[in-house]
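Asks: Data: structure_28.csv, CSV, C-alpha atoms and all ligand atoms.
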chain,number,residue,atom,x,y,z
A,1,MET,CA,1.6,-6.9,-25.3
A,2,ALA,CA,3.2,-6.4,-21.9
A,3,ARG,CA,6.9,-6.5,-21.5
A,4,TRP,CA,7.3,-8.3,-18.2
A,5,GLN,CA,10.2,-7.3,-16.0
A,6,ARG,CA,11.3,-9.8,-13.3
A,7,ILE,CA,11.3,-8.2,-9.9
A,8,CYS,CA,11.9,-11.0,-7.3
A,9,THR,CA,10.5,-14.2,-6.1
A,10,VAL,CA,7.2,-14.3,-4.1
A,11,ASP,CA,9.2,-15.6,-1.2
A,12,GLU,CA,11.3,-12.4,-1.2
A,13,ILE,CA,8.3,-10.4,-0.3
A,14,PRO,CA,7.4,-10.6,3.4
A,15,VAL,CA,4.0,-12.3,4.1
A,16,LEU,CA,1.6,-9.4,5.0
A,17,GLY,CA,4.3,-7.0,3.9
A,18,SER,CA,5.8,-5.5,0.9
A,19,ARG,CA,8.9,-4.7,-1.1
A,20,ARG,CA,9.7,-1.4,-2.7
A,21,VAL,CA,10.7,-1.3,-6.4
A,22,ALA,CA,12.5,1.9,-7.3
A,23,ARG,CA,11.7,3.5,-10.7
A,24,VAL,CA,13.8,5.7,-13.0
A,25,SER,CA,11.3,8.5,-12.6
A,26,GLY,CA,8.7,9.0,-10.1
A,27,PRO,CA,7.9,7.4,-6.7
A,28,ALA,CA,8.6,3.8,-6.1
A,29,VAL,CA,6.1,1.0,-6.5
A,30,ALA,CA,5.2,-1.2,-3.6
A,31,VAL,CA,4.7,-4.9,-4.2
A,32,PHE,CA,2.5,-6.5,-1.6
A,33,ARG,CA,2.0,-10.1,-0.6
A,34,ASN,CA,-1.0,-11.2,1.4
A,35,ALA,CA,-1.6,-14.3,3.6
A,36,GLU,CA,-2.8,-16.3,0.5
A,37,ASP,CA,0.5,-15.4,-1.3
A,38,GLN,CA,-1.4,-13.2,-3.7
A,39,VAL,CA,0.8,-10.4,-5.0
A,40,PHE,CA,-0.4,-6.8,-5.8
A,41,ALA,CA,1.4,-3.6,-6.9
A,42,LEU,CA,0.5,-0.1,-6.1
A,43,LEU,CA,2.3,3.2,-6.3
A,44,ASP,CA,4.0,3.7,-2.9
A,45,ARG,CA,2.0,6.8,-2.2
A,46,CYS,CA,-1.2,7.0,-0.2
A,47,PRO,CA,-3.9,8.9,-2.0
A,48,HIS,CA,-4.5,10.9,1.2
A,49,LYS,CA,-1.2,12.7,1.9
A,50,GLY,CA,1.3,10.5,0.1
A,51,GLY,CA,2.2,8.2,3.0
A,52,PRO,CA,4.4,5.2,2.2
A,53,LEU,CA,1.9,2.3,1.7
A,54,SER,CA,4.9,-0.1,1.6
A,55,GLN,CA,5.2,0.5,5.3
A,56,GLY,CA,1.6,-0.3,6.0
A,57,ILE,CA,0.0,-3.4,7.5
A,58,VAL,CA,-1.5,-5.8,5.0
A,59,PHE,CA,-4.7,-7.6,5.9
A,60,GLY,CA,-6.9,-9.6,3.6
A,61,ASN,CA,-6.7,-7.7,0.2
A,62,HIS,CA,-6.1,-4.3,1.9
A,63,VAL,CA,-3.3,-2.3,3.3
A,64,ALA,CA,-3.6,0.2,6.2
A,65,CYS,CA,-1.6,3.3,5.5
A,66,PRO,CA,1.0,3.9,8.3
A,67,LEU,CA,0.3,7.6,8.5
A,68,HIS,CA,-3.4,8.1,9.2
A,69,ASN,CA,-4.7,4.5,8.8
A,70,TRP,CA,-6.7,4.9,5.6
A,71,THR,CA,-7.6,1.4,4.2
A,72,ILE,CA,-6.5,0.9,0.6
A,73,ALA,CA,-7.7,-2.0,-1.6
A,74,LEU,CA,-4.7,-3.8,-3.0
A,75,ASP,CA,-6.5,-5.0,-6.1
A,76,THR,CA,-7.8,-1.5,-7.2
A,77,GLY,CA,-5.8,1.0,-5.1
A,78,GLN,CA,-9.2,2.5,-4.1
A,79,ALA,CA,-9.5,4.0,-0.6
A,80,ARG,CA,-12.3,2.5,1.6
A,81,ALA,CA,-15.3,4.8,2.1
A,82,PRO,CA,-15.9,7.3,3.5
A,83,ASP,CA,-12.4,8.1,2.4
A,84,GLU,CA,-11.9,8.9,-1.2
A,85,GLY,CA,-9.0,8.6,-3.6
A,86,CYS,CA,-7.1,6.0,-5.5
A,87,ALA,CA,-3.4,4.9,-5.6
A,88,ALA,CA,-2.2,4.0,-9.0
A,89,ARG,CA,-2.3,0.2,-9.6
A,90,TYR,CA,0.4,-1.7,-11.5
A,91,SER,CA,0.0,-5.0,-13.4
A,92,VAL,CA,1.5,-8.0,-11.8
A,93,MET,CA,2.2,-11.4,-13.2
A,94,VAL,CA,3.3,-14.3,-11.0
A,95,GLU,CA,4.8,-17.4,-12.8
A,96,ALA,CA,6.5,-20.3,-11.2
A,97,GLY,CA,7.0,-18.3,-8.0
A,98,GLU,CA,8.6,-15.3,-9.7
A,99,VAL,CA,7.0,-11.8,-9.7
A,100,PHE,CA,7.0,-9.7,-12.8
A,101,LEU,CA,5.8,-6.1,-13.4
A,102,ASP,CA,5.0,-4.4,-16.7
A,103,ALA,CA,8.2,-2.7,-17.8
A,104,ASP,CA,6.3,0.0,-19.7
A,105,GLU,CA,4.1,0.8,-16.7
A,106,LEU,CA,7.2,1.1,-14.5
A,107,ALA,CA,8.8,3.4,-17.0
A,108,ALA,CA,5.8,5.8,-17.2
A,109,PRO,CA,6.2,8.9,-15.1
B,201,LIG,S1,-1.2,9.7,4.1
B,201,LIG,FE1,-2.2,7.7,4.1
B,201,LIG,S2,-3.8,7.9,5.5
B,201,LIG,FE2,-2.9,9.9,5.4
Would you mind giving the structure from this file in structure tokens?

Replies:
Amino acid sequence: MARWQRICTVDEIPVLGSRRVARVSGPAVAVFRNAEDQVFALLDRCPHKGGPLSQGIVFGNHVACPLHNWTIALDTGQARAPDEGCAARYSVMVEAGEVFLDADELAAP
């Protein structure tokens, strides 16, 4: 059973942008919001060369990495072919306009 940790409200994430969530150990998590107000969370490291996905451009259910423009699926973390790789995905729960992440996943190195 997940232990949900409140992060912010949906409105505190810029539309077509993201918010970084620092972790005790390891890279931050990027929490994204698309035009439909869907929220996704990925490790803030591009599977290519570690670029900060939180600084990328969100379009549809994807984010374009700011370094070399790889396209990463927000729901799976998978890079779009022909590129290969996957950013770690984090569970998200949105309830009454509040965004929660799984505390155990956040704590994992
Ligand atoms: S580091 Fe993201 S595309 Fe190269």

Asks: Could you pull out the residues sitting within 6 Å of ligand LIG 201 (chain B), using all atoms listed in the file, and write them as a PyMOL selection string?

Replies: chain A and resi 46+48-51+65+67-70

Asks: With C-alpha atoms kept, could you save the residues just selected as a PDB file, in the coordinates of the input?

Replies:
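Generated output (selection-v8.pdb):
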ATOM      1  CA  CYS A  46      -1.200   7.000  -0.200  1.00  0.00           C
ATOM      2  CA  HIS A  48      -4.500  10.900   1.200  1.00  0.00           C
ATOM      3  CA  LYS A  49      -1.200  12.700   1.900  1.00  0.00           C
ATOM      4  CA  GLY A  50       1.300  10.500   0.100  1.00  0.00           C
ATOM      5  CA  GLY A  51       2.200   8.200   3.000  1.00  0.00           C
ATOM      6  CA  CYS A  65      -1.600   3.300   5.500  1.00  0.00           C
ATOM      7  CA  LEU A  67       0.300   7.600   8.500  1.00  0.00           C
ATOM      8  CA  HIS A  68      -3.400   8.100   9.200  1.00  0.00           C
ATOM      9  CA  ASN A  69      -4.700   4.500   8.800  1.00  0.00           C
ATOM     10  CA  TRP A  70      -6.700   4.900   5.600  1.00  0.00           C
TER      11      TRP A  70
END

Asks: So the first atom is CA of Gly97 (chain A) and the second is CA of Leu74 (chain A); what is the distance between them in Å, to one decimal place?

Replies: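 Result for CA of Gly97 (chain A) versus CA of Leu74 (chain A): 19.3 Å, one decimal.
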
Asks: List the residues sitting within 7 Å of (-6.6, -6.0, -3.0) in the file's frame, using all atoms listed in the file, as a PDB file with C-alpha atoms, in the frame of the given file.

Replies:
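Everything below was put into selection-v1.pdb:
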ATOM      1  CA  PHE A  40      -0.400  -6.800  -5.800  1.00  0.00           C
ATOM      2  CA  ASN A  61      -6.700  -7.700   0.200  1.00  0.00           C
ATOM      3  CA  HIS A  62      -6.100  -4.300   1.900  1.00  0.00           C
ATOM      4  CA  ALA A  73      -7.700  -2.000  -1.600  1.00  0.00           C
ATOM      5  CA  LEU A  74      -4.700  -3.800  -3.000  1.00  0.00           C
ATOM      6  CA  ASP A  75      -6.500  -5.000  -6.100  1.00  0.00           C
ATOM      7  CA  THR A  76      -7.800  -1.500  -7.200  1.00  0.00           C
TER       8      THR A  76
END

Asks: Quick one, how far is CA of Gln55 (chain A) from CA of Glu95 (chain A)?

Replies: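 Between these atoms lies a distance of 25.5 Å.
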
Asks: Just want the 7 Å neighbourhood of Gly56 (chain A), counted on only C-alpha atoms, with same-chain residues fewer than 4 positions away dropped. Output as an mmCIF file with C-alpha atoms, in the frame of the given file.

Replies:
data_model
loop_
_atom_site.group_PDB
_atom_site.id
_atom_site.type_symbol
_atom_site.label_atom_id
_atom_site.label_comp_id
_atom_site.auth_asym_id
_atom_site.auth_seq_id
_atom_site.Cartn_x
_atom_site.Cartn_y
_atom_site.Cartn_z
ATOM 1 C CA VAL A 63 -3.300 -2.300 3.300
ATOM 2 C CA ALA A 64 -3.600 0.200 6.200
ATOM 3 C CA CYS A 65 -1.600 3.300 5.500
ATOM 4 C CA PRO A 66 1.000 3.900 8.300
#

Asks: From the list A:Leu43, A:Glu36, A:Leu106, A:Leu16, which residue is nearest Cys86 (chain A) when using only C-alpha atoms?

Replies: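 Of A:Leu43, A:Glu36, A:Leu106, A:Leu16, the one nearest Cys86 (chain A), counting only C-alpha atoms, is A:Leu43.
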
Asks: Report, in Å with one decimal, the straight-line distance from CA of Val10 (chain A) to CA of Arg23 (chain A).

Replies: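 Straight-line distance from CA of Val10 (chain A) to CA of Arg23 (chain A) works out to 19.5 Å.
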
Asks: At a cut-off of 12 Å, using only C-alpha atoms, what residues contact Met1 (chain A)? Leave out same-chain residues fewer than 5 positions from it and give the result as a count of residues only.

Replies: 4

Asks: Find the residue from A:Ala88, A:Arg6, A:Val94, A:Gln78 that sits nearest to Arg33 (chain A); use all atoms listed in the file when measuring.

Replies: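 For Arg33 (chain A), the nearest of the candidates is A:Val94.
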
Asks: With all atoms listed in the file as the basis for distance, which of A:Ala2, A:Phe100, A:Pro47, A:Val58 is at the shortest distance from Phe32 (chain A)?

Replies: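 Once distances to Phe32 (chain A) are computed over all atoms listed in the file, the minimum belongs to A:Val58.
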
Asks: Which one is closest to Ser54 (chain A): A:Ala81, A:Pro14, A:Arg19, A:Gly26? Count only C-alpha atoms.

Replies: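 Closest to Ser54 (chain A), using only C-alpha atoms: A:Arg19.
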
Asks: From the options A:Ala107, A:Glu98, A:Thr71, A:Ala22, which residue's atoms come nearest to Cys8 (chain A), counting only C-alpha atoms?

Replies: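 Nearest to Cys8 (chain A): A:Glu98.
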
Asks: With distances taken over only C-alpha atoms, which residue among A:Pro52, A:Gly77, A:Val24, A:Val15 lies nearest Tyr90 (chain A)?

Replies: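 Ranked by minimum distance to Tyr90 (chain A), first place goes to A:Gly77.
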